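A.B. asks: Input file: start.cif. Contents: mmCIF, C-alpha atoms.
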data_start
loop_
_atom_site.label_atom_id
_atom_site.label_comp_id
_atom_site.auth_asym_id
_atom_site.auth_seq_id
_atom_site.Cartn_x
_atom_site.Cartn_y
_atom_site.Cartn_z
CA MET A 1 3.76 -4.02 15.40
CA PHE A 2 1.96 -6.48 13.16
CA SER A 3 2.95 -10.04 12.28
CA LEU A 4 2.66 -10.16 8.49
CA GLY A 5 1.81 -13.67 7.39
CA GLY A 6 2.56 -14.78 10.92
CA THR A 7 6.31 -14.56 10.32
CA LEU A 8 7.36 -10.97 9.53
CA ALA A 9 7.11 -8.34 12.25
CA VAL A 10 6.50 -4.88 10.78
CA GLY A 11 5.65 -1.47 12.13
CA ARG A 12 2.10 -0.47 11.34
CA LEU A 13 3.01 2.73 9.51
CA GLY A 14 4.99 1.98 6.37
CA PHE A 15 6.13 3.88 3.29
CA GLY A 16 4.59 3.66 -0.19
CA THR A 17 6.60 4.41 -3.30
CA ALA A 18 4.01 5.45 -5.91
CA SER A 19 4.86 9.10 -5.23
CA LEU A 20 8.41 8.45 -6.46
CA ALA A 21 7.00 8.01 -9.97
CA GLY A 22 6.05 10.93 -12.16
CA PRO A 23 2.60 12.21 -13.22
CA GLY A 24 0.31 9.38 -14.21
CA TYR A 25 2.71 7.04 -12.36
CA TRP A 26 4.97 7.31 -15.40
CA GLY A 27 8.70 7.93 -15.33
CA PRO A 28 10.59 9.27 -12.30
CA ARG A 29 9.23 12.02 -10.05
CA HIS A 30 12.58 13.86 -9.90
CA GLU A 31 15.18 14.41 -12.58
CA ASP A 32 17.79 13.88 -9.87
CA PRO A 33 17.22 10.39 -8.45
CA GLU A 34 19.17 11.31 -5.33
CA ARG A 35 16.10 13.15 -4.05
CA SER A 36 14.03 9.96 -4.13
CA LEU A 37 16.87 7.84 -2.78
CA ALA A 38 17.23 10.23 0.15
CA VAL A 39 13.52 9.95 1.05
CA LEU A 40 13.67 6.15 1.01
CA ARG A 41 16.76 6.10 3.21
CA ARG A 42 15.22 8.62 5.58
CA ALA A 43 12.12 6.46 5.94
CA VAL A 44 14.20 3.48 7.03
CA ASP A 45 16.38 5.66 9.26
CA ARG A 46 13.19 6.89 10.95
CA GLY A 47 12.17 3.31 11.75
CA VAL A 48 9.97 2.28 8.81
CA THR A 49 10.10 -1.50 8.39
CA LEU A 50 7.59 -1.94 5.53
CA ILE A 51 8.25 -0.58 2.04
CA ASP A 52 5.34 -0.97 -0.39
CA THR A 53 6.15 -0.75 -4.09
CA ALA A 54 5.03 -2.17 -7.46
CA ASP A 55 6.58 -3.10 -10.76
CA ASN A 56 4.29 -0.70 -12.63
CA TYR A 57 5.19 2.46 -10.72
CA GLY A 58 7.23 4.08 -13.45
CA PRO A 59 7.07 1.30 -14.66
CA ASP A 60 10.13 -0.28 -13.02
CA VAL A 61 11.26 3.07 -11.58
CA ALA A 62 10.11 2.60 -7.99
CA GLU A 63 11.52 -0.91 -7.59
CA GLU A 64 14.87 0.20 -8.99
CA LEU A 65 14.96 3.16 -6.60
CA VAL A 66 14.19 0.89 -3.63
CA ALA A 67 17.15 -1.34 -4.51
CA ARG A 68 19.49 1.58 -5.19
CA ALA A 69 18.60 3.24 -1.90
CA LEU A 70 18.33 0.31 0.47
CA HIS A 71 20.18 -2.75 -0.85
CA PRO A 72 21.68 -4.64 0.88
CA TYR A 73 18.48 -4.55 2.88
CA PRO A 74 18.86 -4.17 6.64
CA GLU A 75 17.64 -6.98 8.84
CA GLY A 76 13.95 -6.62 9.62
CA LEU A 77 13.07 -4.53 6.56
CA VAL A 78 10.12 -6.01 4.65
CA ILE A 79 9.74 -5.25 0.95
CA ALA A 80 6.32 -5.67 -0.62
CA THR A 81 5.77 -5.36 -4.35
CA LYS A 82 2.99 -6.05 -6.83
CA GLY A 83 2.54 -7.60 -10.25
CA GLY A 84 -0.30 -8.39 -12.61
CA VAL A 85 -0.61 -5.06 -14.44
CA VAL A 86 1.10 -3.87 -17.62
CA ARG A 87 1.65 -0.18 -18.35
CA THR A 88 1.71 1.42 -21.81
CA GLY A 89 1.56 5.09 -20.86
CA PRO A 90 0.68 7.61 -18.13
CA ASN A 91 -2.45 6.51 -16.26
CA VAL A 92 -2.85 3.56 -18.64
CA TRP A 93 -3.20 0.15 -16.98
CA HIS A 94 -3.81 -3.30 -18.46
CA ILE A 95 -4.59 -6.26 -16.21
CA ALA A 96 -2.36 -9.20 -17.09
CA GLY A 97 -2.83 -12.32 -15.00
CA ARG A 98 -1.89 -15.23 -17.23
CA PRO A 99 0.50 -17.63 -15.49
CA GLU A 100 3.37 -16.94 -17.90
CA GLN A 101 2.92 -13.21 -17.40
CA LEU A 102 2.94 -13.49 -13.61
CA ARG A 103 6.07 -15.65 -13.63
CA ALA A 104 7.89 -13.19 -15.87
CA MET A 105 6.77 -10.21 -13.76
CA CYS A 106 7.92 -11.85 -10.53
CA ASP A 107 11.32 -12.72 -12.01
CA ALA A 108 11.73 -9.16 -13.27
CA SER A 109 10.87 -7.74 -9.83
CA LEU A 110 13.39 -10.07 -8.21
CA ARG A 111 16.08 -8.70 -10.55
CA ARG A 112 15.18 -5.06 -10.01
CA LEU A 113 14.94 -5.47 -6.25
CA ARG A 114 18.21 -7.46 -6.20
CA THR A 115 16.80 -10.19 -4.01
CA ASP A 116 16.20 -13.92 -4.16
CA THR A 117 12.88 -13.76 -2.30
CA ILE A 118 10.16 -11.11 -2.27
CA ASP A 119 8.74 -10.79 1.25
CA LEU A 120 5.22 -9.97 0.08
CA TYR A 121 4.11 -10.31 -3.53
CA GLN A 122 0.66 -8.91 -4.17
CA LEU A 123 -1.49 -9.49 -7.23
CA HIS A 124 -2.31 -5.94 -8.30
CA ARG A 125 -5.64 -7.04 -9.76
CA LEU A 126 -7.28 -10.41 -10.35
CA ASP A 127 -7.58 -10.88 -14.10
CA PRO A 128 -11.27 -11.50 -14.91
CA ASP A 129 -10.24 -13.40 -18.06
CA VAL A 130 -8.07 -15.93 -16.19
CA PRO A 131 -9.43 -18.41 -13.62
CA MET A 132 -8.58 -17.37 -10.08
CA ALA A 133 -7.16 -20.83 -9.43
CA ASP A 134 -4.67 -20.36 -12.27
CA GLN A 135 -3.50 -16.99 -11.00
CA LEU A 136 -3.21 -17.99 -7.36
CA GLY A 137 -1.81 -21.37 -8.34
CA THR A 138 1.02 -19.57 -10.14
CA LEU A 139 1.77 -17.52 -7.04
CA LEU A 140 1.74 -20.71 -4.98
CA GLU A 141 4.29 -22.22 -7.36
CA LEU A 142 6.47 -19.13 -6.99
CA GLN A 143 6.10 -19.36 -3.22
CA GLN A 144 7.06 -23.04 -3.21
CA ALA A 145 10.08 -22.17 -5.37
CA GLY A 146 11.22 -19.70 -2.73
CA LYS A 147 10.69 -16.62 -4.88
CA ILE A 148 7.78 -15.32 -2.78
CA ARG A 149 7.49 -15.46 0.98
CA HIS A 150 3.86 -14.31 1.30
CA ILE A 151 0.97 -13.69 -1.12
CA GLY A 152 -1.33 -10.67 -1.12
CA LEU A 153 -4.28 -9.38 -3.16
CA ASP A 154 -5.18 -5.85 -4.24
CA SER A 155 -8.71 -4.45 -4.70
CA ILE A 156 -10.86 -7.44 -3.85
CA GLY A 157 -14.28 -7.93 -2.32
CA ALA A 158 -15.00 -9.97 0.79
CA THR A 159 -16.72 -12.84 -1.03
CA GLU A 160 -13.92 -13.10 -3.59
CA LEU A 161 -11.33 -12.90 -0.82
CA ALA A 162 -12.99 -15.79 1.03
CA ARG A 163 -12.82 -17.84 -2.18
CA ALA A 164 -9.17 -16.93 -2.69
CA ARG A 165 -8.30 -18.06 0.82
CA GLU A 166 -9.56 -21.54 -0.09
CA VAL A 167 -6.99 -21.67 -2.91
CA ALA A 168 -3.91 -20.10 -1.30
CA PRO A 169 -2.75 -18.62 1.99
CA ILE A 170 -3.38 -14.87 1.71
CA ALA A 171 -1.28 -12.70 4.02
CA SER A 172 -2.54 -9.26 3.01
CA VAL A 173 -5.12 -7.20 1.18
CA GLN A 174 -4.73 -3.76 -0.39
CA ASN A 175 -8.02 -1.97 -0.98
CA ARG A 176 -8.87 1.70 -1.13
CA TYR A 177 -9.77 2.73 2.38
CA ASN A 178 -9.59 5.91 4.44
CA LEU A 179 -11.55 7.99 6.91
CA MET A 180 -14.07 9.05 4.28
CA ASP A 181 -14.15 5.90 2.17
CA ARG A 182 -15.00 2.71 4.05
CA ALA A 183 -16.81 0.61 1.49
CA SER A 184 -14.27 -2.17 2.21
CA GLU A 185 -15.20 -2.38 5.89
CA ASP A 186 -16.40 -5.96 5.38
CA VAL A 187 -13.00 -6.86 3.92
CA LEU A 188 -11.30 -5.22 6.89
CA LYS A 189 -13.42 -7.24 9.32
CA LEU A 190 -12.46 -10.44 7.50
CA CYS A 191 -8.81 -9.45 7.80
CA GLU A 192 -9.25 -8.89 11.53
CA ARG A 193 -10.86 -12.30 12.01
CA THR A 194 -8.24 -14.19 10.02
CA GLY A 195 -5.02 -12.34 10.85
CA MET A 196 -4.51 -10.83 7.40
CA ALA A 197 -2.97 -7.39 7.03
CA PHE A 198 -4.97 -4.65 5.34
CA LEU A 199 -2.76 -2.09 3.57
CA PRO A 200 -5.14 0.77 2.69
CA TRP A 201 -4.39 2.61 -0.52
CA PHE A 202 -5.21 6.29 -0.74
CA PRO A 203 -5.02 6.40 3.09
CA LEU A 204 -5.14 10.19 2.82
CA GLY A 205 -7.89 10.21 0.22
CA ASN A 206 -5.47 11.05 -2.60
CA GLY A 207 -4.80 14.35 -0.83
CA THR A 208 -8.39 15.23 0.08
CA LEU A 209 -7.73 14.63 3.79
CA THR A 210 -4.58 16.74 4.01
CA GLY A 211 -6.35 20.10 4.09
CA GLY A 212 -7.67 22.50 1.49
CA ARG A 213 -10.06 25.34 0.84
CA SER A 214 -13.28 23.35 0.90
CA THR A 215 -15.30 23.36 4.11
CA THR A 216 -17.43 20.34 4.95
CA PRO A 217 -18.44 18.65 8.20
CA ALA A 218 -15.56 16.24 7.65
CA THR A 219 -12.91 18.90 7.08
CA ASP A 220 -14.29 20.89 10.03
CA ALA A 221 -14.03 17.86 12.31
CA LEU A 222 -10.53 17.03 11.12
CA ALA A 223 -9.39 20.63 11.50
CA SER A 224 -10.71 21.02 15.04
CA ILE A 225 -9.24 17.71 16.22
CA ALA A 226 -5.95 18.54 14.51
CA ALA A 227 -5.83 21.88 16.31
CA ALA A 228 -6.33 20.15 19.65
CA HIS A 229 -3.28 17.96 18.98
CA ASP A 230 -1.17 20.65 17.29
CA ALA A 231 -1.23 18.36 14.27
CA THR A 232 -2.22 18.47 10.61
CA THR A 233 -5.45 17.06 9.24
CA GLY A 234 -3.43 14.42 7.39
CA GLN A 235 -1.85 13.28 10.63
CA ILE A 236 -5.26 12.92 12.24
CA ALA A 237 -6.53 10.92 9.25
CA LEU A 238 -3.57 8.54 9.58
CA ALA A 239 -3.93 8.35 13.37
CA TRP A 240 -7.59 7.41 12.91
CA LEU A 241 -6.59 4.48 10.68
CA LEU A 242 -4.13 3.23 13.29
CA HIS A 243 -6.78 3.50 16.01
CA HIS A 244 -9.63 2.08 13.92
CA SER A 245 -8.28 -1.43 13.44
CA PRO A 246 -5.15 -3.36 14.44
CA ALA A 247 -5.16 -4.94 10.96
CA LEU A 248 -4.66 -1.60 9.18
CA LEU A 249 -1.11 -0.92 7.97
CA PRO A 250 -1.14 2.43 6.14
CA THR A 251 1.74 3.06 3.72
CA PRO A 252 1.41 6.74 2.80
CA GLY A 253 3.86 7.88 0.18
CA THR A 254 5.62 11.14 -0.51
CA SER A 255 8.62 12.52 -2.31
CA SER A 256 9.18 15.17 0.39
CA PRO A 257 11.37 14.54 3.47
CA ASP A 258 9.29 17.01 5.50
CA HIS A 259 6.02 15.35 4.52
CA LEU A 260 7.54 11.98 5.37
CA ASP A 261 8.39 13.20 8.86
CA GLU A 262 4.87 14.59 9.21
CA ASN A 263 3.27 11.29 8.21
CA LEU A 264 5.42 9.20 10.54
CA ALA A 265 4.66 11.52 13.48
CA ALA A 266 1.00 10.47 13.20
CA ALA A 267 1.90 7.22 14.97
CA ARG A 268 2.50 9.22 18.17
CA ILE A 269 -0.96 10.82 18.23
CA SER A 270 -3.38 9.36 20.77
CA LEU A 271 -6.99 10.16 19.94
CA THR A 272 -9.59 10.32 22.70
CA GLU A 273 -12.73 8.20 22.69
CA GLU A 274 -14.77 11.33 21.97
CA GLU A 275 -12.56 12.24 19.02
CA LEU A 276 -12.71 8.72 17.65
CA ALA A 277 -16.50 8.71 17.92
CA ARG A 278 -16.65 12.01 16.05
CA LEU A 279 -14.40 10.70 13.29
CA ASP A 280 -16.15 7.32 13.16
CA ALA A 281 -19.37 9.14 12.28
CA LEU A 282 -17.79 10.59 9.12
CA THR A 283 -18.00 8.73 5.82
CA ASP A 284 -19.22 9.41 2.31
CA GLY A 285 -19.88 5.76 1.45
CA ARG A 286 -17.95 5.74 -1.79
CA ASP A 287 -17.19 2.53 -3.66
CA GLY A 288 -14.06 0.96 -2.21
CA THR A 289 -12.69 -0.99 -5.13
CA GLY A 290 -11.52 1.94 -7.21
CA SER A 291 -9.62 2.06 -10.46
CA THR A 292 -6.36 0.32 -11.27
CA GLY A 293 -4.32 3.18 -9.91
CA SER A 294 -1.85 3.89 -7.18
CA THR A 295 -1.96 2.12 -3.84
CA ASP A 296 -0.32 5.02 -2.10
CA ASP A 297 -0.86 8.71 -1.54
#
Could you write out this file's structure as structure tokens?
C.D. replies:
Amino acid sequence: MFSLGGTLAVGRLGFGTASLAGPGYWGPRHEDPERSLAVLRRAVDRGVTLIDTADNYGPDVAEELVARALHPYPEGLVIATKGGVVRTGPNVWHIAGRPEQLRAMCDASLRRLRTDTIDLYQLHRLDPDVPMADQLGTLLELQQAGKIRHIGLDSIGATELARAREVAPIASVQNRYNLMDRASEDVLKLCERTGMAFLPWFPLGNGTLTGGRSTTPATDALASIAAAHDATTGQIALAWLLHHSPALLPTPGTSSPDHLDENLAAARISLTEEELARLDALTDGRDGTGSTGSTDD
């Protein structure tokens, strides 16, 4: 368990909803919404207590599905969403961090999620054209008005995060991070020191860590460790995240009930010190800030 913002106890393996949107994070994934509703309900039935969504998955689609599937929300379920990005088409993203935009986005998310307070509201990107103090000040106003319980930031560097923490209490960070992409290790260390949660997006490397035809030292290591645990390579990649830092809260997403069960089973895998050392030695050193895309696999 992890204490999000010091007040909300959540399991460390959550569920992300980007996969419930269609290609390019546009429109619904399934023509029949019942398929997506069933996956969301199954996640909560299997013990997931953290649902990570965003207003721009669809847009609007994922938040509406969360409400349709889970409202009234059971006690202990934490809903996290994001604002600060406007969508105009598949894989098209526009950062929008003016105070009036953030207020309108938060109010719209409250309506779609059918709630009076959003547990965790994360700024999907800091707008470089708007002073940080104005953006975070708006979120503080929303928090003081009771519309937001905790504030989070997405795709931010350690220096910028330290500055942000001087302006507002930051409960969480979402940066790209996985077994093979650890450029945000300094951000993770800051989270560990200060009690912030780190929700890694692309925790499965956007599918690159779930197995494939390519053979590399990394895939060989994952495959051999997976075989020793009668597990999949994706499960080992998730288990590594859970072992690597107590601040990491992966929220892998899927539209498949079977894949959901597979992901959640990773929490039961106990890696040996030797296995962890072998996995720790793997990384490709890629940039960890990424594009303005999905925060989930």
A.B. asks: Report as a list in words all protein, DNA and RNA residues lying within 6 Å of region 70-78 of chain A, evaluated on only C-alpha atoms, omitting residues in the same chain fewer than 3 positions from it.
C.D. replies: Thr49, Leu50, Val66 and Ala67 of chain A
A.B. asks: Could you check which of A:Glu64, A:Gly14, A:Leu8, A:Arg35 is closest to Ser256 (chain A), using only C-alpha atoms?
C.D. replies: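 With only C-alpha atoms as the atom set, the closest residue is A:Arg35.
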A.B. asks: With only C-alpha atoms counted and 9 Å as the cut-off, give the residues of region 247-284 of chain A in contact with region 164-182 of chain A, each with its shortest interatomic distance in Å and the pair that gives it, as a tab-separated table.
C.D. replies:
residue	atom	partner	partner_atom	distance
A:Leu279	CA	A:Leu179	CA	7.5
A:Asp280	CA	A:Leu179	CA	7.8
A:Leu282	CA	A:Met180	CA	6.3
A:Thr283	CA	A:Met180	CA	4.2
A:Asp284	CA	A:Met180	CA	5.5
A.B. asks: Selection in question (the file shown): the PyMOL selection byres ((chain A and resi 218) around 12). Which residues does it include, as a PyMOL selection string?
C.D. replies: chain A and resi 179-181+208-212+214-217+219-225+233+236-237+278-284
A.B. asks: Can you pull out the residues contacting Arg149 (chain A)? Cut-off 8 Å, using only C-alpha atoms, and skip same-chain residues under 6 positions away; I want them as a VMD selection string.
C.D. replies: chain A and resid 117 to 121 143
A.B. asks: Can you pull out every residue within 12 Å of His259 (chain A), counting all atoms listed in the file, but drop anything in the same chain fewer than 6 positions away, and send it as a tab-separated table (two decimals) with C-alpha atoms, keeping the file's coordinate frame?
C.D. replies:
chain	number	residue	atom	x	y	z
A	15	PHE	CA	6.13	3.88	3.29
A	19	SER	CA	4.86	9.10	-5.23
A	39	VAL	CA	13.52	9.95	1.05
A	42	ARG	CA	15.22	8.62	5.58
A	43	ALA	CA	12.12	6.46	5.94
A	210	THR	CA	-4.58	16.74	4.01
A	232	THR	CA	-2.22	18.47	10.61
A	234	GLY	CA	-3.43	14.42	7.39
A	235	GLN	CA	-1.85	13.28	10.63
A	252	PRO	CA	1.41	6.74	2.80
A	253	GLY	CA	3.86	7.88	0.18
A	265	ALA	CA	4.66	11.52	13.48
A	266	ALA	CA	1.00	10.47	13.20
A	297	ASP	CA	-0.86	8.71	-1.54
A.B. asks: May I have the protein, DNA and RNA residues with any atom at most 12 Å from the point (0.5, 4.2, -18.8), counting only C-alpha atoms, written as a list in words?
C.D. replies: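 Output of the proximity query reads Ala21, Gly22, Pro23, Gly24, Tyr25, Trp26, Gly27, Asn56, Tyr57, Gly58, Pro59, Val85, Val86, Arg87, Thr88, Gly89, Pro90, Asn91, Val92, Trp93, His94, Ile95, Thr292, Gly293 and Ser294 of chain A.
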